[in-house]
>>> print(open('model08.pdb').read())   # PDB, C-alpha atoms, pLDDT in the B column
ATOM      1  CA  MET A1462     110.554 170.359  85.750  1.00 63.00           C
ATOM      2  CA  ARG A1463     112.117 172.304  88.586  1.00 71.00           C
ATOM      3  CA  GLU A1464     109.860 174.340  90.883  1.00 73.00           C
ATOM      4  CA  GLY A1465     110.863 177.940  91.428  1.00 76.00           C
ATOM      5  CA  LEU A1466     109.989 180.735  93.831  1.00 74.00           C
ATOM      6  CA  ILE A1467     108.051 182.828  91.299  1.00 73.00           C
ATOM      7  CA  ARG A1468     104.431 183.236  92.474  1.00 78.00           C
ATOM      8  CA  ASN A1469     102.996 184.630  89.232  1.00 80.00           C
ATOM      9  CA  THR A1470     104.908 183.785  86.063  1.00 75.00           C
ATOM     10  CA  ASN A1471     102.644 185.988  83.933  1.00 76.00           C
ATOM     11  CA  GLN A1472     103.600 189.085  85.918  1.00 77.00           C
ATOM     12  CA  VAL A1473     107.291 188.265  85.631  1.00 74.00           C
ATOM     13  CA  LYS A1474     106.919 188.291  81.839  1.00 75.00           C
ATOM     14  CA  GLN A1475     105.651 191.868  81.894  1.00 80.00           C
ATOM     15  CA  ALA A1476     108.244 194.280  80.542  1.00 82.00           C
ATOM     16  CA  ILE A1477     108.850 197.593  82.238  1.00 85.00           C
ATOM     17  CA  ASP A1478     109.497 200.100  79.466  1.00 88.00           C
ATOM     18  CA  PHE A1479     111.668 203.079  80.417  1.00 87.00           C
ATOM     19  CA  LYS A1480     110.324 205.205  77.554  1.00 88.00           C
ATOM     20  CA  GLY A1481     109.926 208.790  78.684  1.00 91.00           C
ATOM     21  CA  LEU A1482     112.593 208.348  81.364  1.00 92.00           C
ATOM     22  CA  ASP A1483     115.641 208.422  79.126  1.00 85.00           C
ATOM     23  CA  PHE A1484     117.901 211.434  79.108  1.00 90.00           C
ATOM     24  CA  GLY A1485     120.342 210.960  76.262  1.00 87.00           C
ATOM     25  CA  ASN A1486     122.450 207.954  77.221  1.00 84.00           C
ATOM     26  CA  ILE A1487     121.089 207.956  80.780  1.00 86.00           C
ATOM     27  CA  HIS A1488     118.040 205.870  81.647  1.00 86.00           C
ATOM     28  CA  PRO A1489     116.783 203.787  84.568  1.00 91.00           C
ATOM     29  CA  SER A1490     118.573 200.552  85.354  1.00 91.00           C
ATOM     30  CA  ASP A1491     117.621 197.425  87.229  1.00 91.00           C
ATOM     31  CA  ILE A1492     119.399 195.040  89.541  1.00 95.00           C
ATOM     32  CA  ASP A1493     118.446 191.411  89.025  1.00 95.00           C
ATOM     33  CA  ALA A1494     118.587 190.310  92.660  1.00 97.00           C
ATOM     34  CA  VAL A1495     119.701 191.575  96.073  1.00 98.00           C
ATOM     35  CA  LEU A1496     120.397 189.844  99.381  1.00 98.00           C
ATOM     36  CA  GLU A1497     120.910 191.879 102.532  1.00 97.00           C
ATOM     37  CA  PHE A1498     121.588 190.457 105.981  1.00 97.00           C
ATOM     38  CA  ASP A1499     121.164 192.371 109.234  1.00 95.00           C
ATOM     39  CA  ASN A1500     122.368 195.673 107.782  1.00 96.00           C
ATOM     40  CA  LYS A1501     125.862 194.110 107.676  1.00 97.00           C
ATOM     41  CA  HIS A1502     126.152 192.221 104.391  1.00 98.00           C
ATOM     42  CA  LEU A1503     124.976 193.192 100.897  1.00 98.00           C
ATOM     43  CA  ILE A1504     125.120 190.931  97.852  1.00 98.00           C
ATOM     44  CA  LEU A1505     124.017 192.344  94.486  1.00 98.00           C
ATOM     45  CA  PHE A1506     123.424 190.100  91.466  1.00 98.00           C
ATOM     46  CA  GLU A1507     123.464 190.973  87.788  1.00 98.00           C
ATOM     47  CA  ILE A1508     122.700 188.173  85.355  1.00 98.00           C
ATOM     48  CA  LYS A1509     123.452 188.316  81.648  1.00 98.00           C
ATOM     49  CA  ARG A1510     123.241 185.902  78.741  1.00 97.00           C
ATOM     50  CA  SER A1511     126.576 184.178  78.202  1.00 97.00           C
ATOM     51  CA  GLY A1512     129.135 186.524  76.669  1.00 96.00           C
ATOM     52  CA  ASN A1513     127.242 189.757  77.403  1.00 97.00           C
ATOM     53  CA  ASP A1514     128.891 192.480  79.471  1.00 97.00           C
ATOM     54  CA  ILE A1515     127.333 194.712  82.092  1.00 97.00           C
ATOM     55  CA  PRO A1516     126.858 198.109  80.385  1.00 94.00           C
ATOM     56  CA  ILE A1517     129.056 200.942  81.672  1.00 93.00           C
ATOM     57  CA  GLY A1518     126.246 202.880  83.376  1.00 93.00           C
ATOM     58  CA  GLN A1519     124.903 199.812  85.159  1.00 95.00           C
ATOM     59  CA  ARG A1520     128.433 198.797  86.127  1.00 97.00           C
ATOM     60  CA  LEU A1521     128.988 202.239  87.691  1.00 96.00           C
ATOM     61  CA  LEU A1522     125.668 202.017  89.555  1.00 97.00           C
ATOM     62  CA  LEU A1523     126.474 198.586  91.025  1.00 98.00           C
ATOM     63  CA  LYS A1524     129.987 199.707  91.959  1.00 97.00           C
ATOM     64  CA  ARG A1525     128.734 202.866  93.701  1.00 97.00           C
ATOM     65  CA  ILE A1526     126.077 201.023  95.690  1.00 98.00           C
ATOM     66  CA  CYS A1527     128.669 198.451  96.749  1.00 97.00           C
ATOM     67  CA  ASN A1528     131.236 201.124  97.678  1.00 97.00           C
ATOM     68  CA  ASP A1529     128.727 203.095  99.770  1.00 97.00           C
ATOM     69  CA  TRP A1530     127.581 200.096 101.820  1.00 97.00           C
ATOM     70  CA  LYS A1531     128.886 200.322 105.402  1.00 95.00           C
ATOM     71  CA  GLY A1532     129.443 196.576 105.872  1.00 96.00           C
ATOM     72  CA  ASN A1533     130.572 193.742 103.635  1.00 98.00           C
ATOM     73  CA  SER A1534     129.367 194.133 100.049  1.00 98.00           C
ATOM     74  CA  ILE A1535     129.884 192.394  96.754  1.00 98.00           C
ATOM     75  CA  VAL A1536     128.477 192.348  93.228  1.00 98.00           C
ATOM     76  CA  LEU A1537     128.205 188.954  91.526  1.00 98.00           C
ATOM     77  CA  LYS A1538     127.833 188.797  87.759  1.00 98.00           C
ATOM     78  CA  GLY A1539     126.392 185.510  86.596  1.00 98.00           C
ATOM     79  CA  GLU A1540     125.851 184.218  83.085  1.00 98.00           C
ATOM     80  CA  HIS A1541     123.370 181.756  81.611  1.00 98.00           C
ATOM     81  CA  LYS A1542     122.777 180.033  78.278  1.00 97.00           C
ATOM     82  CA  CYS A1543     118.978 179.843  78.479  1.00 95.00           C
ATOM     83  CA  ASN A1544     116.810 180.756  75.527  1.00 93.00           C
ATOM     84  CA  ASP A1545     114.101 183.415  75.773  1.00 90.00           C
ATOM     85  CA  THR A1546     111.386 180.937  76.797  1.00 86.00           C
ATOM     86  CA  GLU A1547     113.330 179.100  79.509  1.00 89.00           C
ATOM     87  CA  THR A1548     113.382 179.990  83.189  1.00 89.00           C
ATOM     88  CA  ILE A1549     116.778 181.188  84.392  1.00 93.00           C
ATOM     89  CA  PHE A1550     117.587 179.721  87.799  1.00 95.00           C
ATOM     90  CA  LEU A1551     119.909 182.133  89.588  1.00 96.00           C
ATOM     91  CA  ASP A1552     121.675 179.436  91.603  1.00 96.00           C
ATOM     92  CA  GLU A1553     122.718 177.633  88.385  1.00 97.00           C
ATOM     93  CA  CYS A1554     124.160 180.707  86.661  1.00 98.00           C
ATOM     94  CA  LEU A1555     127.933 180.692  86.357  1.00 98.00           C
ATOM     95  CA  LEU A1556     130.008 183.339  88.135  1.00 98.00           C
ATOM     96  CA  THR A1557     132.035 185.261  85.559  1.00 98.00           C
ATOM     97  CA  GLU A1558     132.832 188.493  87.386  1.00 98.00           C
ATOM     98  CA  SER A1559     132.620 190.093  90.818  1.00 98.00           C
ATOM     99  CA  TYR A1560     133.212 193.491  92.372  1.00 98.00           C
ATOM    100  CA  LYS A1561     134.478 193.923  95.915  1.00 97.00           C
ATOM    101  CA  SER A1562     136.711 196.407  97.729  1.00 94.00           C
ATOM    102  CA  GLY A1563     137.093 198.691  94.710  1.00 95.00           C
ATOM    103  CA  GLU A1564     138.070 196.003  92.223  1.00 97.00           C
ATOM    104  CA  TRP A1565     136.355 194.030  89.463  1.00 97.00           C
ATOM    105  CA  THR A1566     137.631 190.451  89.219  1.00 98.00           C
ATOM    106  CA  LYS A1567     137.125 188.063  86.295  1.00 98.00           C
ATOM    107  CA  HIS A1568     136.194 184.462  87.136  1.00 98.00           C
ATOM    108  CA  SER A1569     136.535 181.329  85.038  1.00 96.00           C
ATOM    109  CA  GLY A1570     132.808 180.619  84.860  1.00 95.00           C
ATOM    110  CA  SER A1571     133.240 177.201  86.489  1.00 97.00           C
ATOM    111  CA  THR A1572     131.641 178.201  89.809  1.00 98.00           C
ATOM    112  CA  THR A1573     127.878 178.534  90.137  1.00 98.00           C
ATOM    113  CA  ILE A1574     126.255 181.475  91.878  1.00 98.00           C
ATOM    114  CA  LYS A1575     125.114 179.051  94.603  1.00 97.00           C
ATOM    115  CA  GLU A1576     128.687 177.870  95.171  1.00 98.00           C
ATOM    116  CA  ALA A1577     129.871 181.495  95.285  1.00 98.00           C
ATOM    117  CA  LEU A1578     127.178 182.301  97.867  1.00 97.00           C
ATOM    118  CA  ASP A1579     128.219 179.314  99.968  1.00 97.00           C
ATOM    119  CA  ASN A1580     131.801 180.611  99.949  1.00 97.00           C
ATOM    120  CA  ILE A1581     130.705 184.139 100.872  1.00 98.00           C
ATOM    121  CA  ALA A1582     128.542 182.774 103.702  1.00 97.00           C
ATOM    122  CA  LEU A1583     131.541 180.979 105.186  1.00 97.00           C
ATOM    123  CA  LYS A1584     133.946 183.881 104.703  1.00 97.00           C
ATOM    124  CA  TRP A1585     131.576 186.504 106.147  1.00 97.00           C
ATOM    125  CA  ASN A1586     129.987 184.107 108.660  1.00 96.00           C
ATOM    126  CA  ILE A1587     126.447 184.772 107.433  1.00 97.00           C
ATOM    127  CA  LYS A1588     124.584 182.206 109.503  1.00 95.00           C
ATOM    128  CA  LYS A1589     121.322 182.786 107.611  1.00 94.00           C
ATOM    129  CA  LEU A1590     123.032 181.489 104.450  1.00 92.00           C
ATOM    130  CA  LEU A1591     124.700 178.537 106.143  1.00 87.00           C
ATOM    131  CA  LYS A1592     122.540 175.411 106.146  1.00 72.00           C
TER     132      LYS A1592
END
>>> encode(input="model08.pdb", output="structure tokens")
Amino acid sequence: MREGLIRNTNQVKQAIDFKGLDFGNIHPSDIDAVLEFDNKHLILFEIKRSGNDIPIGQRLLLKRICNDWKGNSIVLKGEHKCNDTETIFLDECLLTESYKSGEWTKHSGSTTIKEALDNIALKWNIKKLLK
């Protein structure tokens, strides 16, 4: 079994219920992961089960955060085929969509999130990501 970075798996299983903080179709949203480097580069991750889209409100939120960032920024949408009891490893998720410079781009789903990060690290010269 693969070791992960999660310190307390029981806490990760705790749901955060947004009940009481919904206003019609508007309610809090989450972002699955974020990497930020030296106030220059921002990478946002949203992970969905294979075939599921990012809802419109969450898509707008991710887009606006990315657009307002003063340096390089990108949103990576990854997909997985794990069941509800399996751990989802972010690096193994397949890149199916990205948002950068005002445009959403579909991807074939043949590149892993890790491979996409490696490419971004080279393109943006993020030394902390280059190993």
>>> residues_around(input="model08.pdb", residues="Lys1575 of chain A", least_positions_apart="3", cutoff="12 Å", atoms="all atoms listed in the file", output="PyMOL selection string")
chain A and resi 1506+1537+1539+1550-1556+1571-1572+1578-1582+1590-1591
>>> write_last_selection(input="model08.pdb", atoms="C-alpha atoms", output="PDB file, in the frame of the given file")
ATOM      1  CA  PHE A1506     123.424 190.100  91.466  1.00 98.00           C
ATOM      2  CA  LEU A1537     128.205 188.954  91.526  1.00 98.00           C
ATOM      3  CA  GLY A1539     126.392 185.510  86.596  1.00 98.00           C
ATOM      4  CA  PHE A1550     117.587 179.721  87.799  1.00 95.00           C
ATOM      5  CA  LEU A1551     119.909 182.133  89.588  1.00 96.00           C
ATOM      6  CA  ASP A1552     121.675 179.436  91.603  1.00 96.00           C
ATOM      7  CA  GLU A1553     122.718 177.633  88.385  1.00 97.00           C
ATOM      8  CA  CYS A1554     124.160 180.707  86.661  1.00 98.00           C
ATOM      9  CA  LEU A1555     127.933 180.692  86.357  1.00 98.00           C
ATOM     10  CA  LEU A1556     130.008 183.339  88.135  1.00 98.00           C
ATOM     11  CA  SER A1571     133.240 177.201  86.489  1.00 97.00           C
ATOM     12  CA  THR A1572     131.641 178.201  89.809  1.00 98.00           C
ATOM     13  CA  LEU A1578     127.178 182.301  97.867  1.00 97.00           C
ATOM     14  CA  ASP A1579     128.219 179.314  99.968  1.00 97.00           C
ATOM     15  CA  ASN A1580     131.801 180.611  99.949  1.00 97.00           C
ATOM     16  CA  ILE A1581     130.705 184.139 100.872  1.00 98.00           C
ATOM     17  CA  ALA A1582     128.542 182.774 103.702  1.00 97.00           C
ATOM     18  CA  LEU A1590     123.032 181.489 104.450  1.00 92.00           C
ATOM     19  CA  LEU A1591     124.700 178.537 106.143  1.00 87.00           C
TER      20      LEU A1591
END
>>> resolve_selection(input="model08.pdb", expression="the PyMOL selection byres ((chain A and resi 1536) around 9)", output="PyMOL selection string")
chain A and resi 1503-1507+1523-1524+1527+1534-1535+1537-1538+1558-1561+1565
>>> closest_residue(input="model08.pdb", among="A:Asn1533, A:Asn1513, A:Asn1469, A:Thr1573", to="Asp1499 of chain A", atoms="all atoms listed in the file")
A:Asn1533
>>> atom_distance(input="model08.pdb", atom1="atom CA of Trp1530 of chain A", atom2="atom CA of Asn1500 of chain A")
9.1 Å
>>> atom_distance(input="model08.pdb", atom1="atom CA of Arg1510 of chain A", atom2="atom CA of Lys1542 of chain A")
5.9 Å
>>> atom_distance(input="model08.pdb", atom1="atom CA of Phe1479 of chain A", atom2="atom CA of Lys1509 of chain A")
18.9 Å
>>> resolve_selection(input="model08.pdb", expression="the PyMOL selection byres ((chain A and resi 1488) around 12)", output="MDAnalysis selection string")
chainID A and resid 1478:1487 1489:1491 1516 1518:1519 1522
>>> residues_around(input="model08.pdb", residues="Cys1543 of chain A", least_positions_apart="5", cutoff="9 Å", atoms="all atoms listed in the file", output="ChimeraX atom specification")
/A:1510-1511,1548-1549
>>> build_atoms(input="model08.pdb", residues="segment 1514-1540 of chain A", atoms="N, CA, C and O atoms", output="short mmCIF file (atom, residue, chain, number, x, y, z; two decimals), in the coordinates of the input")
data_model
loop_
_atom_site.label_atom_id
_atom_site.label_comp_id
_atom_site.auth_asym_id
_atom_site.auth_seq_id
_atom_site.Cartn_x
_atom_site.Cartn_y
_atom_site.Cartn_z
N ASP A 1514 128.30 191.68 78.40
CA ASP A 1514 128.89 192.48 79.47
C ASP A 1514 127.83 193.30 80.19
O ASP A 1514 126.75 193.57 79.65
N ILE A 1515 128.16 193.74 81.39
CA ILE A 1515 127.33 194.71 82.09
C ILE A 1515 127.64 196.07 81.46
O ILE A 1515 128.80 196.47 81.38
N PRO A 1516 126.61 196.80 81.00
CA PRO A 1516 126.86 198.11 80.39
C PRO A 1516 127.53 199.06 81.37
O PRO A 1516 127.39 198.93 82.60
N ILE A 1517 128.26 200.03 80.85
CA ILE A 1517 129.06 200.94 81.67
C ILE A 1517 128.22 201.63 82.75
O ILE A 1517 128.61 201.67 83.92
N GLY A 1518 127.07 202.18 82.40
CA GLY A 1518 126.25 202.88 83.38
C GLY A 1518 125.78 201.97 84.49
O GLY A 1518 125.81 202.34 85.67
N GLN A 1519 125.35 200.77 84.15
CA GLN A 1519 124.90 199.81 85.16
C GLN A 1519 126.08 199.35 86.02
O GLN A 1519 125.95 199.20 87.23
N ARG A 1520 127.22 199.18 85.40
CA ARG A 1520 128.43 198.80 86.13
C ARG A 1520 128.79 199.87 87.16
O ARG A 1520 129.11 199.56 88.31
N LEU A 1521 128.71 201.14 86.77
CA LEU A 1521 128.99 202.24 87.69
C LEU A 1521 127.98 202.27 88.83
O LEU A 1521 128.34 202.48 90.00
N LEU A 1522 126.70 202.04 88.53
CA LEU A 1522 125.67 202.02 89.56
C LEU A 1522 125.95 200.92 90.58
O LEU A 1522 125.94 201.18 91.80
N LEU A 1523 126.20 199.71 90.12
CA LEU A 1523 126.47 198.59 91.02
C LEU A 1523 127.71 198.86 91.88
O LEU A 1523 127.71 198.62 93.09
N LYS A 1524 128.74 199.38 91.25
CA LYS A 1524 129.99 199.71 91.96
C LYS A 1524 129.74 200.75 93.05
O LYS A 1524 130.21 200.60 94.18
N ARG A 1525 128.98 201.79 92.73
CA ARG A 1525 128.73 202.87 93.70
C ARG A 1525 127.90 202.39 94.87
O ARG A 1525 128.15 202.76 96.02
N ILE A 1526 126.89 201.57 94.60
CA ILE A 1526 126.08 201.02 95.69
C ILE A 1526 126.96 200.17 96.60
O ILE A 1526 126.91 200.29 97.83
N CYS A 1527 127.77 199.33 95.99
CA CYS A 1527 128.67 198.45 96.75
C CYS A 1527 129.66 199.27 97.58
O CYS A 1527 129.87 198.99 98.76
N ASN A 1528 130.25 200.29 96.98
CA ASN A 1528 131.24 201.12 97.68
C ASN A 1528 130.62 201.88 98.85
O ASN A 1528 131.29 202.12 99.86
N ASP A 1529 129.36 202.29 98.73
CA ASP A 1529 128.73 203.10 99.77
C ASP A 1529 128.16 202.27 100.92
O ASP A 1529 127.80 202.82 101.95
N TRP A 1530 128.10 200.97 100.76
CA TRP A 1530 127.58 200.10 101.82
C TRP A 1530 128.56 200.12 103.00
O TRP A 1530 129.77 200.07 102.81
N LYS A 1531 128.04 200.19 104.21
CA LYS A 1531 128.89 200.32 105.40
C LYS A 1531 129.46 199.00 105.90
O LYS A 1531 130.39 199.00 106.68
N GLY A 1532 128.92 197.88 105.45
CA GLY A 1532 129.44 196.58 105.87
C GLY A 1532 130.11 195.87 104.70
O GLY A 1532 130.64 196.50 103.80
N ASN A 1533 130.06 194.54 104.74
CA ASN A 1533 130.57 193.74 103.64
C ASN A 1533 129.63 193.87 102.44
O ASN A 1533 128.41 193.80 102.60
N SER A 1534 130.19 194.04 101.25
CA SER A 1534 129.37 194.13 100.05
C SER A 1534 130.11 193.54 98.86
O SER A 1534 131.33 193.58 98.80
N ILE A 1535 129.31 193.00 97.94
CA ILE A 1535 129.88 192.39 96.75
C ILE A 1535 128.84 192.40 95.64
O ILE A 1535 127.63 192.34 95.91
N VAL A 1536 129.31 192.50 94.42
CA VAL A 1536 128.48 192.35 93.23
C VAL A 1536 128.90 191.05 92.56
O VAL A 1536 130.10 190.83 92.34
N LEU A 1537 127.92 190.19 92.24
CA LEU A 1537 128.21 188.95 91.53
C LEU A 1537 127.56 189.03 90.15
O LEU A 1537 126.35 189.25 90.04
N LYS A 1538 128.37 188.87 89.12
CA LYS A 1538 127.83 188.80 87.76
C LYS A 1538 127.78 187.33 87.37
O LYS A 1538 128.79 186.63 87.36
N GLY A 1539 126.57 186.88 87.05
CA GLY A 1539 126.39 185.51 86.60
C GLY A 1539 125.98 185.49 85.14
O GLY A 1539 125.45 186.48 84.63
N GLU A 1540 126.25 184.38 84.48
CA GLU A 1540 125.85 184.22 83.08
C GLU A 1540 125.07 182.92 82.92
O GLU A 1540 125.25 181.97 83.67
#
